[in-house]
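Everything below concerns the one structure shown next.
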Amino acid sequence: MRDQSSSSATPSWARRFRRWAMGLFRLSLIAAAMGCLFLMPLREELDTAGFLREAKKDFPQSASLGEAEQGFFPVLDASGELLAWVTSTNPQAQSIQGYAGPSELLVILDAQRRVKRVDYWRSADTAGHVEKVRRDEAFWMQWNGREESSLSALGSPQLVSGASLTSEAMARGLAARFGAQGMEEFFTHELTREDVKPWFAEATKIFPMKKIGYYEVSSNDKVLGIILRSSRMKVAARGFNGASDVLVAIDANDQQVLGVGMIGSRDNEPYIIDVKEELKYADGFAGKKIDEIIVHEDGGDFLLVSGASTTAHAVIGTVKEMLRRHRAAERIKSFPWQLPVSFAWMAAGLYLGFRGTKKSRTIFALVSVAAGLLFGLMVGQDQLIGWARHGVDWRPALPLLALTAVALLVPALTGKNIYCSRICPHGSAQTLAGMVIKKRFVLPAKIHRVLVAIPWLTLLSIWVLALAGSALPFANAEPFEVWSTGFISLVPAILFTISIVIAFFLPQGYCHYGCATGALLKFLTHAPGRWTWRDTVATVFVSAAGIFCFIMR
Ligand code: SF4
């Protein structure tokens, strides 16, 4: 009663203003949490106090650092005279993987820009390997006295035995920092006719196609088939000790895999030899349909190598991922009107969300399910975290960006969760499932009260883990991946199946009792214009994340 009277006494413009202000505040909390994820790795790059401390070891008169020029800090004495330069190998070295992650080195140059010292700075690689490299004096000394202009040439760096992947990545990172291109590419070998001979014996020409990692193989202008190359497609499932460069040969009809080969590897020698031999003499992929390989749950039938199972599984995973991407790319290619149709779907969902009737909702649920199957577009936590951490290439992601904007902006500004009520394909599939069986199951109030907390706890857990730097696959926390990839990943597939089955008996069961993204959108729409305990929790959480982010600098 009190609320009603007070709201009727408040002018409508003031109510609208309050609703917008609260909506924008809640949106800004989401943006701030994403900003923390984005900033954390960047902050690591600028430990200028540490740079100065290190410079003092070589140049004791160092008093301060001047303004950086392209990441090179001038080291100055008390009178402002230039003594040296200091820099680190990031960000260029960030994409260069060692054994289990990239490393960053410190580089100190004298005033004439000759190397005074190269040293370890920090690493995400395995501690044991890093330690081995750190103790190897010869490794660090190899650059001393070299001119800056010569550092971009990788040459044949002296590596550390027993930590070759880590030390090679460090050496490559240093070359990249000084201008070398393609250092993250460990497999530099150019594809030759010899490489494709096992499947295309009569090949006369191999040329790279527009799509990176694809090669057309032909003989006197007759196309024989295509080759997919994992290192160029940036598919790198890790074996026992590193990734391999895998080729997949596909027939001219683009249906059948002719075979799989390995032309390079960073994995352990004996395991690679076993896997290579197996692929050469008993290639279980040969003759299989592309789709058959993609959907195969385990893949053990294709490549059985006793004693090298990690390497073999990595190759199987690589092949499946390459084929999955190939099929996904094809789907987009064969469907050029994806963009306008997906926009029309969103626009119709928006219109019906404001003006639609109950009947139109049912019809549009069918449309949304069809759109979900066609486009595979879903807003999810994994995607938001991925964008925050790595950015987004807006051109290919335009439909998903638009969908995300609709999902977040509309509830924040209007108080209506149109994405959940009209557009979300998974929500729509549950709506349709709920219409099949008339008898509804209603949870007892006590159980309901407990279960409704699950989406909020899931949402909170996902973001706590993400902000703590966890590399867990957050796509496993929701069933949405199934809409774009099919039943390939086990956990999303299980969540998908359970949520749809439950929806037959418990209307929108997953939406109410499981969906973290639904909870995030509910946060934007709940109590429009009013501050609630949820706002307090979210504000405290995001502030704590901001402080954590600041400390981690
Ligand atoms: S709650 Fe989750 S599954 Fe349900 S409609 Fe919303 S986003 Fe989709």
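Residue numbers start at 1 in each chain; chains themselves are named A, B, ... in the order of the structure tokens; ligands are numbered from 1 in the order shown.
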
Long-range neighbours of range 175-192 of chain A as a PyMOL selection string, 8 Å cut-off, only C-alpha atoms, 5 positions minimum in chain: chain A and resi 88-93+95-97+148-149+151-154+206+231+245+264-265

Please return as a VMD selection string the residues found within 9 Å of ligand 1, counting only C-alpha atoms and all ligand atoms. chain A and resid 378 to 380 407 417 419 to 430 455 478 to 480 499 508 to 522

I need the alpha helix (DSSP H) residues of range 326-514 of chain A per DSSP on the backbone, written as a PyMOL selection string. chain A and resi 326-333+338-355+358-375+381-390+398-414+418+425-436+445-451+453-467+481-485+490-503+509-513

Quick one: residues within 6 Å of Ile226 in chain A, only C-alpha atoms, excluding same-chain residues fewer than 4 positions away - as a ChimeraX atom specification? /A:215-217,249-250

Among the residues of range 66-139 of chain A, find those DSSP assigns to strand (DSSP E or B) from the backbone and print them as a ChimeraX atom specification. /A:69,72-76,82-88,103-110,114-123

Need the shell around range 286-289 of chain A: protein/DNA/RNA residues with any atom at most 10 Å away, counting only C-alpha atoms. Skip same-chain ones fewer than 4 positions apart. Format as a compact mmCIF listing (two decimals) with C-alpha atoms, in the first residue's frame?
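Dumped everything to around18.txt:
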```txt
# COMPACT_ATOMS: atom_id res chain seq x y z
CA TRP A 199 46.11 -38.62 -49.80
CA VAL A 248 43.38 -33.23 -42.21
CA ALA A 249 42.76 -34.17 -45.84
CA ILE A 250 39.18 -33.84 -47.08
CA ASP A 251 37.79 -35.09 -50.38
CA ASP A 254 33.75 -32.00 -48.76
CA GLN A 255 32.13 -35.00 -47.10
CA GLN A 256 34.80 -37.51 -46.30
CA VAL A 257 38.09 -37.35 -44.44
CA LEU A 258 40.76 -38.97 -46.57
CA GLY A 259 43.25 -39.11 -43.75
CA VAL A 260 45.13 -37.32 -41.00
CA LEU A 279 48.45 -42.49 -38.59
CA ALA A 282 46.33 -47.56 -39.57
CA ILE A 293 34.06 -37.73 -36.54
CA ILE A 294 32.68 -34.50 -35.08
CA PHE A 302 40.17 -43.43 -34.80
```

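A straight line drawn from CA of Ile437 in chain A to CA of Leu495 in chain A is 20.8 Å long.
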
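With only C-alpha atoms taken into account, the protein and nucleic acid residues at most 8 Å from Leu105 in chain A (excluding it and anything under 5 positions from it in its own chain) are Ser88, Thr89, Asn90, Val118, Asp119, Tyr120, Trp121, Arg122, Met170, Gly173 and Leu174 of chain A.
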
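Between Ala503 in chain A and the candidates A:Lys438, A:Arg113, A:Arg534, A:Arg327, the tightest atom-to-atom separation, counting only C-alpha atoms, involves A:Lys438.
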
Which polymer residues have any atom within 12 Å of an atom of Gly469 in chain A, counting only C-alpha atoms, with same-chain residues fewer than 4 positions away left out, as JSON, numbers by chain? {"A": [36, 37, 38, 39, 40, 41, 124, 385, 386, 389, 462, 463, 464, 465, 473, 545, 548, 549, 552]}

Take the residues that were just selected and, keeping C-alpha atoms, output them as a short mmCIF file (atom, residue, chain, number, x, y, z; two decimals), in the first residue's frame.
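Everything below was put into result-v4.cif:
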```
data_model
loop_
_atom_site.label_atom_id
_atom_site.label_comp_id
_atom_site.auth_asym_id
_atom_site.auth_seq_id
_atom_site.Cartn_x
_atom_site.Cartn_y
_atom_site.Cartn_z
CA CYS A 36 38.38 -5.76 -13.93
CA LEU A 37 38.80 -8.90 -16.01
CA PHE A 38 40.12 -6.83 -18.90
CA LEU A 39 42.53 -4.78 -16.83
CA MET A 40 44.14 -7.45 -14.71
CA PRO A 41 46.58 -8.84 -17.27
CA ALA A 124 52.72 -18.40 -16.43
CA ILE A 385 33.93 -13.36 -19.66
CA GLY A 386 35.71 -14.21 -22.92
CA ARG A 389 39.39 -11.01 -21.15
CA ILE A 462 31.37 -18.02 -12.11
CA TRP A 463 32.43 -14.40 -11.63
CA VAL A 464 34.46 -15.07 -8.47
CA LEU A 465 36.38 -17.79 -10.32
CA PRO A 473 35.69 -23.59 -19.26
CA ALA A 545 36.76 -7.12 -7.31
CA PHE A 548 41.51 -7.06 -5.78
CA CYS A 549 42.24 -5.92 -9.32
CA MET A 552 47.09 -7.43 -8.24
#
```

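Take the candidates A:Gly356, A:Gly71, A:Gly529, A:Gly98 and check each one against Leu413 in chain A using only C-alpha atoms; the shortest distance goes to A:Gly529.
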
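Between CA of Leu82 in chain A and CA of Ala68 in chain A there is a distance of 12.7 Å.
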
Between A:Val442, A:Leu459, A:Ala412, A:Val542, which is the closest to Leu27 in chain A once you count only C-alpha atoms? A:Ala412

Residue among A:Met233, A:Gln94, A:Ile227, A:Phe139 lying closest to Asp125 in chain A, counting only C-alpha atoms: A:Gln94

Coordinates-based distance that separates CA of Arg449 in chain A from CA of Val537 in chain A (Å, one decimal): 18.6 Å

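Of the listed residues A:Leu83, A:Ala402, A:Ala111, A:Leu467, the one whose atoms come nearest to Ala32 in chain A is A:Leu467, with distances taken using only C-alpha atoms.
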
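Shell of Lys222 in chain A at 10 Å, with only C-alpha atoms counted and residues fewer than 6 places along the chain excluded, is Ala203, Thr204, Lys205 and Ala252 of chain A.
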